[in-house]
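To keep things clear, I will list the structure first and then write my remarks on it.
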Amino acid sequence: MIEPALARRIRLVGFDVDGVLTDGGVYLGATADRGGIVSHPMELKRFDIQDGLGIVLLKMAGLVTAVVTGRTGEAARMRAEELGIDEFSANSSAHKLMAFEKILSRRQVRWEEAAFIGDDLPDLPVLRRVGLPVAVGNATREIRDQALFTTAATGGHGAVREFCEAFLKSRGVWKEVTDTYLRERGDGLD
């Protein structure tokens with residue numbers, strides 16, 4: 001359970017990618033031209049559809065969303081764009097603290113008004129500063145020890161959706177947001 005006053009204070013929710021929005025697996029490959037020369041390296045990741053809907057519902061509730069990742073491949077950027085994520089930062093050195101701090105500054109959000117969902121050591125500096133640190137179910141011990149909320153689901157398998165639902169229920173807006181979502185899709189609710 002997330003304390004309702006804390007949930008209402010949060011204005012921005014940040015997400016790690018690998019191990020949070022995905023199961024942490026990375027598929028690397030490449031295509032080759034007819035001469036066998038590798039010309040297009042590619043990275044594939046598996047994202048959970050229900051996690052994506054959770055993020056959409058956060059945005060419908062008026063929250064700013066951000067992705068901060070330590071990998072620079074295009075798969076995460078593509079998913080963030082698809083979901084309409086407000087802020088995206090990819091830094092191969094995994095210096096997430098500075099990246100997240102820049103996002104907060106740009107959005108004029110204080111640390112205590114932010115949540116972040118992480119799974120491993122690169123996320124720890126951010127989780128130590130935010131008002132609502134969150135761990136996925138299979139996060140490392142250090143991350144779980146820092147978290148105020150830990151999901152039962154593992155990263156890439158509904159953990160983000162689980163958090164989003166618990167968070168929106170704690171804010172007291174779950175029914176309103178889901179009713180709006182369904183009405184916009186022709187559910188016929190009056």
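Going through the structure tokens in order, the chains are called A, B, and so on, while each chain numbers its residues from 1 and the ligands are numbered from 1 in the order shown.
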Fill in: Close residues, region 168-181 of chain A itself excluded, 9 Å, only C-alpha atoms, min 3 positions apart in chain, as a PyMOL selection string
chain A and resi 1-9+57-58+60-61+163-165+184-185+187+189
Item to complete: May I have the residues within 12 Å of Phe116 (chain A) as a PyMOL selection string, using only C-alpha atoms and disregarding those fewer than 3 positions away in the same chain?
Response: chain A and resi 10-17+20+64-69+96-97+100-101+104+111-113+119+123-136+143+146-150+160+163-164
Once you have the residues from the selection above, write them out as an mmCIF file, in the first residue's frame, restricted to C-alpha atoms.
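File out.cif, as written:
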```cif
data_model
loop_
_atom_site.group_PDB
_atom_site.id
_atom_site.type_symbol
_atom_site.label_atom_id
_atom_site.label_comp_id
_atom_site.auth_asym_id
_atom_site.auth_seq_id
_atom_site.Cartn_x
_atom_site.Cartn_y
_atom_site.Cartn_z
ATOM 1 C CA ILE A 10 3.921 12.886 -6.555
ATOM 2 C CA ARG A 11 3.926 14.846 -9.835
ATOM 3 C CA LEU A 12 6.442 12.882 -11.912
ATOM 4 C CA VAL A 13 7.056 9.142 -12.248
ATOM 5 C CA GLY A 14 10.337 7.880 -13.694
ATOM 6 C CA PHE A 15 11.140 4.412 -14.999
ATOM 7 C CA ASP A 16 14.287 2.447 -15.658
ATOM 8 C CA VAL A 17 14.010 0.298 -18.793
ATOM 9 C CA VAL A 20 11.708 -2.718 -15.118
ATOM 10 C CA VAL A 64 4.601 13.606 -15.987
ATOM 11 C CA THR A 65 6.395 10.431 -17.070
ATOM 12 C CA ALA A 66 10.104 9.932 -17.667
ATOM 13 C CA VAL A 67 12.387 7.137 -18.795
ATOM 14 C CA VAL A 68 16.009 7.108 -17.670
ATOM 15 C CA THR A 69 18.073 4.247 -19.035
ATOM 16 C CA LYS A 96 21.099 8.286 -13.915
ATOM 17 C CA LEU A 97 21.216 10.734 -11.024
ATOM 18 C CA PHE A 100 16.997 12.560 -13.627
ATOM 19 C CA GLU A 101 18.006 15.770 -11.876
ATOM 20 C CA LEU A 104 13.245 17.436 -12.565
ATOM 21 C CA TRP A 111 12.833 15.390 -5.593
ATOM 22 C CA GLU A 112 10.149 14.714 -2.992
ATOM 23 C CA GLU A 113 7.488 15.122 -5.708
ATOM 24 C CA ASP A 119 15.717 -2.857 -10.197
ATOM 25 C CA ASP A 123 19.054 3.072 -10.055
ATOM 26 C CA LEU A 124 20.095 3.378 -6.410
ATOM 27 C CA PRO A 125 21.336 7.008 -6.449
ATOM 28 C CA VAL A 126 17.967 8.148 -7.856
ATOM 29 C CA LEU A 127 15.941 5.952 -5.514
ATOM 30 C CA ARG A 128 17.768 7.400 -2.495
ATOM 31 C CA ARG A 129 16.595 10.913 -3.436
ATOM 32 C CA VAL A 130 13.012 10.576 -4.712
ATOM 33 C CA GLY A 131 9.953 10.887 -2.508
ATOM 34 C CA LEU A 132 8.597 7.511 -3.623
ATOM 35 C CA PRO A 133 11.266 4.880 -4.400
ATOM 36 C CA VAL A 134 9.780 1.740 -5.985
ATOM 37 C CA ALA A 135 11.339 -1.677 -6.642
ATOM 38 C CA VAL A 136 10.140 -4.401 -8.981
ATOM 39 C CA ILE A 143 16.983 -1.679 -4.300
ATOM 40 C CA GLN A 146 15.508 1.391 -0.372
ATOM 41 C CA ALA A 147 11.950 1.023 -1.716
ATOM 42 C CA LEU A 148 8.797 2.249 -0.019
ATOM 43 C CA PHE A 149 6.790 0.052 -2.406
ATOM 44 C CA THR A 150 7.840 -3.253 -3.968
ATOM 45 C CA VAL A 160 4.874 -1.316 -13.783
ATOM 46 C CA PHE A 163 2.583 -0.059 -9.368
ATOM 47 C CA CYS A 164 0.459 2.247 -11.528
#
```
Worksheet item: If you run DSSP on this backbone, which residues of region 89-162 of chain A come out as alpha helix (DSSP H), and could you give them as a PyMOL selection string?
Response: chain A and resi 96-107+124-127+141-146+159-162
Please dump the current selection as a PDB file, in the first residue's frame; keep C-alpha atoms.
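Final output, saved to selection.pdb:
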```pdb
ATOM      1  CA  LYS A  96      21.099   8.286 -13.915  1.00  0.00           C
ATOM      2  CA  LEU A  97      21.216  10.734 -11.024  1.00  0.00           C
ATOM      3  CA  MET A  98      22.377  13.670 -13.165  1.00  0.00           C
ATOM      4  CA  ALA A  99      19.981  12.767 -15.970  1.00  0.00           C
ATOM      5  CA  PHE A 100      16.997  12.560 -13.627  1.00  0.00           C
ATOM      6  CA  GLU A 101      18.006  15.770 -11.876  1.00  0.00           C
ATOM      7  CA  LYS A 102      17.998  17.600 -15.237  1.00  0.00           C
ATOM      8  CA  ILE A 103      14.516  16.275 -15.964  1.00  0.00           C
ATOM      9  CA  LEU A 104      13.245  17.436 -12.565  1.00  0.00           C
ATOM     10  CA  SER A 105      14.781  20.871 -13.101  1.00  0.00           C
ATOM     11  CA  ARG A 106      13.320  21.195 -16.595  1.00  0.00           C
ATOM     12  CA  ARG A 107       9.865  20.194 -15.290  1.00  0.00           C
ATOM     13  CA  LEU A 124      20.095   3.378  -6.410  1.00  0.00           C
ATOM     14  CA  PRO A 125      21.336   7.008  -6.449  1.00  0.00           C
ATOM     15  CA  VAL A 126      17.967   8.148  -7.856  1.00  0.00           C
ATOM     16  CA  LEU A 127      15.941   5.952  -5.514  1.00  0.00           C
ATOM     17  CA  ARG A 141      18.418  -6.514  -2.264  1.00  0.00           C
ATOM     18  CA  GLU A 142      19.880  -2.983  -2.215  1.00  0.00           C
ATOM     19  CA  ILE A 143      16.983  -1.679  -4.300  1.00  0.00           C
ATOM     20  CA  ARG A 144      14.306  -3.498  -2.305  1.00  0.00           C
ATOM     21  CA  ASP A 145      15.819  -2.187   0.940  1.00  0.00           C
ATOM     22  CA  GLN A 146      15.508   1.391  -0.372  1.00  0.00           C
ATOM     23  CA  ALA A 159       5.391  -4.798 -12.353  1.00  0.00           C
ATOM     24  CA  VAL A 160       4.874  -1.316 -13.783  1.00  0.00           C
ATOM     25  CA  ARG A 161       1.133  -1.913 -14.233  1.00  0.00           C
ATOM     26  CA  GLU A 162       0.902  -3.214 -10.657  1.00  0.00           C
TER      27      GLU A 162
END
```
Worksheet item: Counting only C-alpha atoms, what is within 9 Å of Gly29 (chain A), bar same-chain residues fewer than 2 positions away, as a list in words?
Response: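 Counting only the stated atoms, we get Tyr27, Thr31, His40, Pro41, Met42, Glu43 and Leu44 of chain A.
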Got time to write the residues from that selection, C-alpha atoms, as a compact mmCIF listing (two decimals), in the first residue's frame?
```txt
# COMPACT_ATOMS: atom_id res chain seq x y z
CA TYR A 27 18.55 -9.55 -27.94
CA THR A 31 21.59 -7.72 -40.73
CA HIS A 40 22.66 -2.76 -39.49
CA PRO A 41 23.14 -3.80 -35.87
CA MET A 42 19.87 -4.22 -34.02
CA GLU A 43 18.66 -4.56 -30.47
CA LEU A 44 15.33 -6.13 -29.56
```
Discussion item. With only C-alpha atoms as the counted atoms, please give the residues lying no more than 7 Å from Gly155 (chain A), apart from itself and same-chain residues fewer than 5 positions off, as a PyMOL selection string.
Written reply: chain A and resi 19-23+136-138
Selection to disk with C-alpha atoms, as a PDB file, in the first residue's frame:
```pdb
ATOM      1  CA  GLY A  19      14.702  -5.015 -15.710  1.00  0.00           C
ATOM      2  CA  VAL A  20      11.708  -2.718 -15.118  1.00  0.00           C
ATOM      3  CA  LEU A  21       9.904  -2.095 -18.417  1.00  0.00           C
ATOM      4  CA  THR A  22      11.553  -5.250 -19.774  1.00  0.00           C
ATOM      5  CA  ASP A  23      12.578  -8.532 -18.193  1.00  0.00           C
ATOM      6  CA  VAL A 136      10.140  -4.401  -8.981  1.00  0.00           C
ATOM      7  CA  GLY A 137       9.668  -7.841  -7.450  1.00  0.00           C
ATOM      8  CA  ASN A 138      12.960  -9.234  -8.708  1.00  0.00           C
TER       9      ASN A 138
END
```
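For region 108-165 of chain A, a DSSP pass over the backbone yields strand (DSSP E) at Ala114, Ala115, Phe116, Ile117, Gly118, Leu132, Pro133, Val134, Ala135, Phe149 and Thr150 of chain A.
Considering the residues A:Gln108, A:Gly62, A:Ala94, A:Gly52 and counting only C-alpha atoms, Ala80 (chain A) has its shortest atom-to-atom contact with A:Gly52.
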Worksheet entry | Interatomic distance, CA of Thr72 (chain A) to CA of Val109 (chain A) (Å, one decimal) |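 These two atoms are separated by 25.1 Å.
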Practice prompt. To one decimal in Å, tell me the separation between CA of Arg77 (chain A) and CA of Ala30 (chain A).
Written response: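 Atom-to-atom, CA of Arg77 (chain A) and CA of Ala30 (chain A) are spaced 18.6 Å apart.
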Practice prompt. Within 10 Å of Gly84 (chain A), counting only C-alpha atoms, which residues show up once you throw out same-chain ones fewer than 3 positions away? Write them as a ChimeraX atom specification, please.
Written response: /A:55-56,59,65-66,78-81,87
Go ahead and save the residues from that selection, with C-alpha atoms, as an mmCIF file, in the first residue's frame.
```
data_model
loop_
_atom_site.group_PDB
_atom_site.id
_atom_site.type_symbol
_atom_site.label_atom_id
_atom_site.label_comp_id
_atom_site.auth_asym_id
_atom_site.auth_seq_id
_atom_site.Cartn_x
_atom_site.Cartn_y
_atom_site.Cartn_z
ATOM 1 C CA ILE A 55 1.772 4.393 -18.031
ATOM 2 C CA VAL A 56 -1.038 5.674 -20.269
ATOM 3 C CA LYS A 59 -0.548 10.274 -18.003
ATOM 4 C CA THR A 65 6.395 10.431 -17.070
ATOM 5 C CA ALA A 66 10.104 9.932 -17.667
ATOM 6 C CA MET A 78 10.738 3.698 -29.727
ATOM 7 C CA ARG A 79 8.631 2.345 -26.851
ATOM 8 C CA ALA A 80 8.822 5.653 -24.982
ATOM 9 C CA GLU A 81 7.651 7.526 -28.074
ATOM 10 C CA GLU A 87 10.964 12.808 -20.954
#
```
